[in-house]
$ cat protein.cif   # mmCIF, N, CA and C atoms
data_work
#
loop_
_atom_site.label_atom_id
_atom_site.label_comp_id
_atom_site.auth_asym_id
_atom_site.auth_seq_id
_atom_site.Cartn_x
_atom_site.Cartn_y
_atom_site.Cartn_z
N MET A 1 0.82 -1.20 0.00
CA MET A 1 0.00 0.00 0.00
C MET A 1 0.86 1.25 0.00
N LEU A 2 1.99 1.21 0.72
CA LEU A 2 2.89 2.36 0.76
C LEU A 2 3.48 2.64 -0.61
N LYS A 3 3.86 1.57 -1.33
CA LYS A 3 4.39 1.72 -2.68
C LYS A 3 3.34 2.39 -3.58
N LEU A 4 2.11 1.95 -3.46
CA LEU A 4 1.03 2.51 -4.27
C LEU A 4 0.84 4.00 -3.97
N LEU A 5 0.76 4.35 -2.70
CA LEU A 5 0.57 5.75 -2.32
C LEU A 5 1.72 6.63 -2.78
N LEU A 6 2.94 6.13 -2.64
CA LEU A 6 4.12 6.89 -3.06
C LEU A 6 4.11 7.12 -4.57
N LEU A 7 3.83 6.08 -5.33
CA LEU A 7 3.79 6.23 -6.79
C LEU A 7 2.65 7.15 -7.23
N ILE A 8 1.52 7.06 -6.57
CA ILE A 8 0.41 7.94 -6.92
C ILE A 8 0.76 9.39 -6.61
N LEU A 9 1.42 9.62 -5.47
CA LEU A 9 1.82 10.98 -5.14
C LEU A 9 2.82 11.53 -6.16
N ILE A 10 3.80 10.72 -6.55
CA ILE A 10 4.77 11.13 -7.57
C ILE A 10 4.04 11.41 -8.89
N HIS A 11 3.16 10.51 -9.27
CA HIS A 11 2.37 10.68 -10.49
C HIS A 11 1.59 11.99 -10.45
N ASP A 12 0.94 12.25 -9.32
CA ASP A 12 0.11 13.45 -9.20
C ASP A 12 0.94 14.73 -9.25
N ILE A 13 2.11 14.72 -8.64
CA ILE A 13 2.97 15.91 -8.66
C ILE A 13 3.47 16.18 -10.08
N ILE A 14 3.87 15.13 -10.78
CA ILE A 14 4.34 15.30 -12.15
C ILE A 14 3.19 15.73 -13.05
N LEU A 15 2.02 15.13 -12.88
CA LEU A 15 0.86 15.50 -13.68
C LEU A 15 0.48 16.95 -13.43
N ALA A 16 0.44 17.36 -12.17
CA ALA A 16 0.10 18.75 -11.84
C ALA A 16 1.13 19.72 -12.41
N SER A 17 2.38 19.33 -12.38
CA SER A 17 3.43 20.16 -12.98
C SER A 17 3.20 20.32 -14.47
N GLY A 18 2.89 19.22 -15.14
CA GLY A 18 2.61 19.28 -16.57
C GLY A 18 1.42 20.17 -16.89
N GLN A 19 0.35 20.02 -16.13
CA GLN A 19 -0.83 20.84 -16.36
C GLN A 19 -0.54 22.32 -16.10
N THR A 20 0.30 22.59 -15.11
CA THR A 20 0.66 23.97 -14.79
C THR A 20 1.47 24.58 -15.92
N PHE A 21 2.41 23.82 -16.48
CA PHE A 21 3.18 24.31 -17.63
C PHE A 21 2.26 24.59 -18.82
N ILE A 22 1.34 23.66 -19.08
CA ILE A 22 0.44 23.84 -20.21
C ILE A 22 -0.44 25.07 -20.01
N LYS A 23 -0.99 25.23 -18.83
CA LYS A 23 -1.83 26.39 -18.55
C LYS A 23 -1.04 27.68 -18.69
N HIS A 24 0.18 27.68 -18.20
CA HIS A 24 1.03 28.88 -18.32
C HIS A 24 1.31 29.18 -19.79
N GLY A 25 1.58 28.16 -20.57
CA GLY A 25 1.83 28.35 -22.00
C GLY A 25 0.60 28.83 -22.74
N MET A 26 -0.56 28.36 -22.33
CA MET A 26 -1.80 28.77 -22.98
C MET A 26 -2.24 30.16 -22.53
N GLY A 27 -1.61 30.69 -21.51
CA GLY A 27 -1.97 32.01 -21.01
C GLY A 27 -1.72 33.12 -22.01
N THR A 28 -0.94 32.85 -23.05
CA THR A 28 -0.65 33.88 -24.04
C THR A 28 -1.67 33.89 -25.18
N VAL A 29 -2.61 32.95 -25.14
CA VAL A 29 -3.65 32.87 -26.18
C VAL A 29 -4.92 33.52 -25.64
N SER A 30 -5.48 34.42 -26.42
CA SER A 30 -6.69 35.08 -25.94
C SER A 30 -7.94 34.28 -26.28
N ASN A 31 -8.00 33.69 -27.45
CA ASN A 31 -9.18 32.96 -27.85
C ASN A 31 -8.79 31.90 -28.86
N VAL A 32 -9.16 30.67 -28.59
CA VAL A 32 -8.85 29.57 -29.51
C VAL A 32 -10.07 29.33 -30.40
N ASN A 33 -9.85 29.43 -31.70
CA ASN A 33 -10.91 29.24 -32.68
C ASN A 33 -10.55 28.02 -33.52
N LEU A 34 -11.34 26.98 -33.43
CA LEU A 34 -11.07 25.76 -34.19
C LEU A 34 -12.18 25.47 -35.19
N ARG A 35 -12.64 26.53 -35.86
CA ARG A 35 -13.76 26.38 -36.78
C ARG A 35 -13.35 26.13 -38.22
N SER A 36 -12.07 26.25 -38.50
CA SER A 36 -11.62 25.99 -39.86
C SER A 36 -10.31 25.23 -39.81
N LEU A 37 -9.98 24.59 -40.93
CA LEU A 37 -8.73 23.84 -40.99
C LEU A 37 -7.55 24.78 -40.77
N ARG A 38 -7.62 25.96 -41.31
CA ARG A 38 -6.54 26.94 -41.16
C ARG A 38 -6.33 27.31 -39.69
N SER A 39 -7.42 27.54 -38.96
CA SER A 39 -7.28 27.91 -37.55
C SER A 39 -6.80 26.73 -36.72
N ILE A 40 -7.19 25.53 -37.08
CA ILE A 40 -6.71 24.33 -36.39
C ILE A 40 -5.21 24.19 -36.59
N LEU A 41 -4.76 24.33 -37.83
CA LEU A 41 -3.32 24.23 -38.11
C LEU A 41 -2.54 25.34 -37.42
N SER A 42 -3.11 26.52 -37.38
CA SER A 42 -2.47 27.63 -36.68
C SER A 42 -2.33 27.33 -35.19
N PHE A 43 -3.38 26.76 -34.62
CA PHE A 43 -3.34 26.41 -33.20
C PHE A 43 -2.30 25.33 -32.93
N ILE A 44 -2.24 24.32 -33.79
CA ILE A 44 -1.24 23.26 -33.64
C ILE A 44 0.16 23.84 -33.74
N LYS A 45 0.37 24.73 -34.70
CA LYS A 45 1.68 25.38 -34.85
C LYS A 45 2.04 26.15 -33.59
N PHE A 46 1.08 26.87 -33.04
CA PHE A 46 1.32 27.60 -31.80
C PHE A 46 1.76 26.65 -30.69
N CYS A 47 1.02 25.55 -30.54
CA CYS A 47 1.31 24.61 -29.44
C CYS A 47 2.69 23.97 -29.57
N VAL A 48 3.07 23.58 -30.78
CA VAL A 48 4.35 22.89 -30.93
C VAL A 48 5.54 23.85 -30.92
N THR A 49 5.28 25.15 -30.89
CA THR A 49 6.39 26.11 -30.80
C THR A 49 6.49 26.75 -29.41
N GLN A 50 5.62 26.35 -28.51
CA GLN A 50 5.65 26.88 -27.14
C GLN A 50 6.38 25.90 -26.23
N GLY A 51 7.50 26.32 -25.70
CA GLY A 51 8.30 25.46 -24.83
C GLY A 51 7.56 25.00 -23.60
N ARG A 52 6.76 25.89 -23.03
CA ARG A 52 6.02 25.50 -21.82
C ARG A 52 4.98 24.42 -22.12
N ILE A 53 4.32 24.56 -23.24
CA ILE A 53 3.32 23.55 -23.61
C ILE A 53 4.01 22.21 -23.89
N LEU A 54 5.10 22.24 -24.61
CA LEU A 54 5.84 21.00 -24.89
C LEU A 54 6.39 20.37 -23.61
N SER A 55 6.87 21.21 -22.70
CA SER A 55 7.35 20.70 -21.41
C SER A 55 6.21 20.04 -20.64
N GLY A 56 5.05 20.69 -20.66
CA GLY A 56 3.89 20.13 -19.99
C GLY A 56 3.47 18.80 -20.58
N LEU A 57 3.50 18.71 -21.90
CA LEU A 57 3.15 17.45 -22.55
C LEU A 57 4.16 16.36 -22.22
N ALA A 58 5.43 16.72 -22.14
CA ALA A 58 6.46 15.75 -21.76
C ALA A 58 6.22 15.25 -20.33
N LEU A 59 5.91 16.17 -19.42
CA LEU A 59 5.64 15.77 -18.03
C LEU A 59 4.39 14.90 -17.96
N ASN A 60 3.38 15.22 -18.75
CA ASN A 60 2.17 14.39 -18.77
C ASN A 60 2.47 12.99 -19.30
N THR A 61 3.39 12.89 -20.25
CA THR A 61 3.79 11.58 -20.76
C THR A 61 4.51 10.77 -19.68
N ILE A 62 5.35 11.44 -18.91
CA ILE A 62 6.03 10.77 -17.80
C ILE A 62 5.00 10.30 -16.76
N SER A 63 4.03 11.16 -16.45
CA SER A 63 3.02 10.77 -15.46
C SER A 63 2.18 9.60 -15.98
N LEU A 64 1.90 9.58 -17.29
CA LEU A 64 1.17 8.45 -17.87
C LEU A 64 1.98 7.16 -17.73
N THR A 65 3.28 7.25 -17.93
CA THR A 65 4.13 6.08 -17.79
C THR A 65 4.09 5.55 -16.35
N ILE A 66 4.13 6.46 -15.38
CA ILE A 66 4.03 6.05 -13.98
C ILE A 66 2.66 5.44 -13.70
N TRP A 67 1.61 6.00 -14.29
CA TRP A 67 0.27 5.45 -14.12
C TRP A 67 0.20 4.03 -14.66
N LEU A 68 0.85 3.78 -15.79
CA LEU A 68 0.88 2.43 -16.34
C LEU A 68 1.58 1.46 -15.39
N VAL A 69 2.66 1.92 -14.76
CA VAL A 69 3.35 1.09 -13.76
C VAL A 69 2.41 0.80 -12.60
N ILE A 70 1.70 1.81 -12.13
CA ILE A 70 0.74 1.63 -11.03
C ILE A 70 -0.29 0.57 -11.40
N LEU A 71 -0.83 0.68 -12.61
CA LEU A 71 -1.87 -0.26 -13.03
C LEU A 71 -1.33 -1.68 -13.24
N SER A 72 -0.01 -1.81 -13.35
CA SER A 72 0.56 -3.14 -13.53
C SER A 72 0.48 -3.98 -12.25
N PHE A 73 0.32 -3.33 -11.09
CA PHE A 73 0.26 -4.11 -9.85
C PHE A 73 -0.93 -3.77 -8.95
N ALA A 74 -1.63 -2.67 -9.23
CA ALA A 74 -2.73 -2.27 -8.35
C ALA A 74 -4.07 -2.43 -9.07
N ASP A 75 -5.10 -2.67 -8.29
CA ASP A 75 -6.45 -2.71 -8.84
C ASP A 75 -6.86 -1.30 -9.26
N LEU A 76 -7.47 -1.19 -10.40
CA LEU A 76 -7.95 0.11 -10.88
C LEU A 76 -8.95 0.70 -9.90
N SER A 77 -9.78 -0.15 -9.33
CA SER A 77 -10.81 0.32 -8.39
C SER A 77 -10.20 0.86 -7.10
N GLN A 78 -8.93 0.55 -6.84
CA GLN A 78 -8.25 1.11 -5.68
C GLN A 78 -7.39 2.30 -6.09
N ALA A 79 -6.67 2.18 -7.19
CA ALA A 79 -5.73 3.23 -7.61
C ALA A 79 -6.44 4.50 -8.05
N TYR A 80 -7.50 4.34 -8.81
CA TYR A 80 -8.15 5.53 -9.38
C TYR A 80 -8.74 6.45 -8.32
N PRO A 81 -9.44 5.93 -7.33
CA PRO A 81 -9.91 6.83 -6.27
C PRO A 81 -8.77 7.50 -5.51
N LEU A 82 -7.69 6.77 -5.25
CA LEU A 82 -6.56 7.37 -4.54
C LEU A 82 -5.90 8.46 -5.38
N ASP A 83 -6.05 8.37 -6.69
CA ASP A 83 -5.48 9.37 -7.58
C ASP A 83 -6.18 10.72 -7.46
N SER A 84 -7.27 10.76 -6.71
CA SER A 84 -7.96 12.04 -6.50
C SER A 84 -7.10 13.03 -5.71
N LEU A 85 -5.99 12.55 -5.15
CA LEU A 85 -5.05 13.47 -4.49
C LEU A 85 -4.58 14.55 -5.46
N GLN A 86 -4.66 14.27 -6.76
CA GLN A 86 -4.23 15.26 -7.74
C GLN A 86 -5.05 16.54 -7.66
N TYR A 87 -6.28 16.47 -7.18
CA TYR A 87 -7.09 17.68 -7.03
C TYR A 87 -6.44 18.65 -6.05
N ILE A 88 -5.90 18.11 -4.98
CA ILE A 88 -5.22 18.95 -3.98
C ILE A 88 -3.94 19.53 -4.56
N VAL A 89 -3.16 18.68 -5.21
CA VAL A 89 -1.88 19.14 -5.78
C VAL A 89 -2.13 20.21 -6.84
N ILE A 90 -3.11 19.99 -7.71
CA ILE A 90 -3.44 20.98 -8.74
C ILE A 90 -3.85 22.30 -8.11
N ALA A 91 -4.66 22.25 -7.08
CA ALA A 91 -5.11 23.48 -6.42
C ALA A 91 -3.91 24.23 -5.82
N PHE A 92 -3.02 23.52 -5.15
CA PHE A 92 -1.84 24.17 -4.59
C PHE A 92 -0.95 24.78 -5.68
N PHE A 93 -0.72 24.03 -6.74
CA PHE A 93 0.10 24.53 -7.84
C PHE A 93 -0.55 25.75 -8.49
N SER A 94 -1.87 25.72 -8.62
CA SER A 94 -2.58 26.86 -9.21
C SER A 94 -2.40 28.12 -8.39
N VAL A 95 -2.45 27.97 -7.08
CA VAL A 95 -2.25 29.11 -6.19
C VAL A 95 -0.81 29.59 -6.23
N ILE A 96 0.13 28.65 -6.11
CA ILE A 96 1.54 29.01 -5.99
C ILE A 96 2.13 29.51 -7.31
N PHE A 97 1.92 28.79 -8.39
CA PHE A 97 2.61 29.09 -9.64
C PHE A 97 1.79 29.94 -10.62
N LEU A 98 0.48 29.80 -10.58
CA LEU A 98 -0.36 30.54 -11.53
C LEU A 98 -1.04 31.74 -10.88
N LYS A 99 -0.83 31.88 -9.58
CA LYS A 99 -1.40 33.01 -8.82
C LYS A 99 -2.92 33.04 -8.91
N GLU A 100 -3.54 31.86 -9.04
CA GLU A 100 -4.99 31.79 -9.05
C GLU A 100 -5.51 31.88 -7.62
N GLU A 101 -6.72 32.34 -7.48
CA GLU A 101 -7.33 32.44 -6.16
C GLU A 101 -8.26 31.24 -5.97
N VAL A 102 -7.97 30.45 -4.96
CA VAL A 102 -8.84 29.32 -4.62
C VAL A 102 -9.44 29.64 -3.26
N ARG A 103 -10.72 29.89 -3.27
CA ARG A 103 -11.42 30.31 -2.04
C ARG A 103 -11.84 29.10 -1.20
N GLY A 104 -12.30 29.40 -0.02
CA GLY A 104 -12.65 28.38 0.96
C GLY A 104 -13.64 27.34 0.49
N LEU A 105 -14.68 27.77 -0.20
CA LEU A 105 -15.68 26.82 -0.66
C LEU A 105 -15.10 25.83 -1.67
N ARG A 106 -14.21 26.31 -2.52
CA ARG A 106 -13.58 25.41 -3.49
C ARG A 106 -12.67 24.41 -2.77
N TRP A 107 -11.92 24.90 -1.76
CA TRP A 107 -11.08 23.99 -0.96
C TRP A 107 -11.94 22.94 -0.27
N ALA A 108 -13.06 23.37 0.27
CA ALA A 108 -13.96 22.43 0.94
C ALA A 108 -14.48 21.38 -0.04
N GLY A 109 -14.83 21.81 -1.24
CA GLY A 109 -15.29 20.87 -2.26
C GLY A 109 -14.21 19.88 -2.65
N ILE A 110 -12.99 20.38 -2.83
CA ILE A 110 -11.86 19.50 -3.17
C ILE A 110 -11.65 18.48 -2.07
N LEU A 111 -11.66 18.95 -0.83
CA LEU A 111 -11.46 18.04 0.31
C LEU A 111 -12.58 17.00 0.37
N LEU A 112 -13.80 17.42 0.14
CA LEU A 112 -14.93 16.50 0.16
C LEU A 112 -14.78 15.42 -0.91
N ILE A 113 -14.37 15.81 -2.10
CA ILE A 113 -14.16 14.85 -3.19
C ILE A 113 -13.06 13.86 -2.81
N VAL A 114 -11.94 14.38 -2.33
CA VAL A 114 -10.80 13.52 -1.99
C VAL A 114 -11.17 12.54 -0.89
N VAL A 115 -11.82 13.03 0.14
CA VAL A 115 -12.21 12.13 1.24
C VAL A 115 -13.18 11.07 0.73
N GLY A 116 -14.16 11.49 -0.05
CA GLY A 116 -15.14 10.54 -0.56
C GLY A 116 -14.55 9.46 -1.44
N VAL A 117 -13.73 9.84 -2.38
CA VAL A 117 -13.19 8.82 -3.28
C VAL A 117 -12.11 8.00 -2.60
N THR A 118 -11.43 8.56 -1.61
CA THR A 118 -10.45 7.78 -0.85
C THR A 118 -11.16 6.70 -0.04
N VAL A 119 -12.28 7.04 0.58
CA VAL A 119 -13.06 6.05 1.32
C VAL A 119 -13.51 4.92 0.38
N VAL A 120 -13.94 5.29 -0.82
CA VAL A 120 -14.35 4.31 -1.80
C VAL A 120 -13.16 3.41 -2.19
N GLY A 121 -11.96 4.01 -2.29
CA GLY A 121 -10.80 3.28 -2.77
C GLY A 121 -10.10 2.43 -1.73
N LEU A 122 -10.39 2.66 -0.46
CA LEU A 122 -9.74 1.87 0.59
C LEU A 122 -10.28 0.46 0.62
N ARG A 123 -9.43 -0.45 1.02
CA ARG A 123 -9.86 -1.85 1.13
C ARG A 123 -10.48 -2.11 2.47
#

$ encode --input "protein.cif" --output "structure tokens"
Amino acid sequence: MLKLLLLILIHDIILASGQTFIKHGMGTVSNVNLRSLRSILSFIKFCVTQGRILSGLALNTISLTIWLVILSFADLSQAYPLDSLQYIVIAFFSVIFLKEEVRGLRWAGILLIVVGVTVVGLR
């Protein structure tokens, strides 16, 4: 169980880091329009030329690899609920690195979700 929790925590930190990089990279875009082939190609070009977005995608790939390792030995019905810890990590990263404001009610909701799915995931 300790191995599972440790790997999930590592996975969640790497995943949150990747999402934070992607969000920071997307912060320079005012409006994404995907209504034409030209705008889709323009958006793809933007994404593949942004270092932060590429870094985020690389970190997400690493977190996916760790998730695959987790699933190689843990039950999905146990691992997936425990993975809800990512909600807490994402919220902290959003406050610290993206300077987002997370108010009390949102923290309470995050905590409620984490507690609920953790109870479901425990044996």

$ select_by_dssp --input "protein.cif" --residues "chain A" --states "alpha helix (DSSP H)" --output "PyMOL selection string"
chain A and resi 2-26+37-48+51-73+76-82+85-97+104-121

$ resolve_selection --input "protein.cif" --expression "the PyMOL selection byres (((chain A and resi 103-108 and name CA) around 12) and name CA)" --output "count of residues only"
18

$ atom_distance --input "protein.cif" --atom1 "atom CA of His11 of chain A" --atom2 "atom C of Thr65 of chain A"
8.0 Å

$ resolve_selection --input "protein.cif" --expression "the PyMOL selection byres (((chain A and resi 25 and name CA) around 9) and name CA)" --output "PyMOL selection string"
chain A and resi 20-24+26-29+47+50-54+56

$ resolve_selection --input "protein.cif" --expression "the PyMOL selection byres (((chain A and resi 14 and name CA) around 10) and name CA)" --output "list in words"
Ile8, Leu9, Ile10, His11, Asp12, Ile13, Leu15, Ala16, Ser17, Gly18, Gln19, Thr20, Gly56, Ala58, Leu59, Asn60, Thr61, Ile62, Ser63, Leu64, Ile66, Gln86 and Val89 of chain A

$ atom_distance --input "protein.cif" --atom1 "atom CA of Ser77 of chain A" --atom2 "atom N of Val119 of chain A"
11.3 Å

$ axis_aligned_box --input "protein.cif" --around "segment 61-74 of chain A" --padding-each-side "3 Å" --output "JSON"
{"center_x": 1.0, "center_y": 4.4, "center_z": -14.6, "size_x": 16.1, "size_y": 23.0, "size_z": 18.4}

$ atom_distance --input "protein.cif" --atom1 "atom CA of Ser72 of chain A" --atom2 "atom CA of Leu2 of chain A"
15.5 Å

$ closest_residue --input "protein.cif" --among "A:Arg38, A:Thr49, A:Leu6, A:Val120" --to "Gln78 of chain A" --atoms "only N, CA and C atoms"
A:Val120
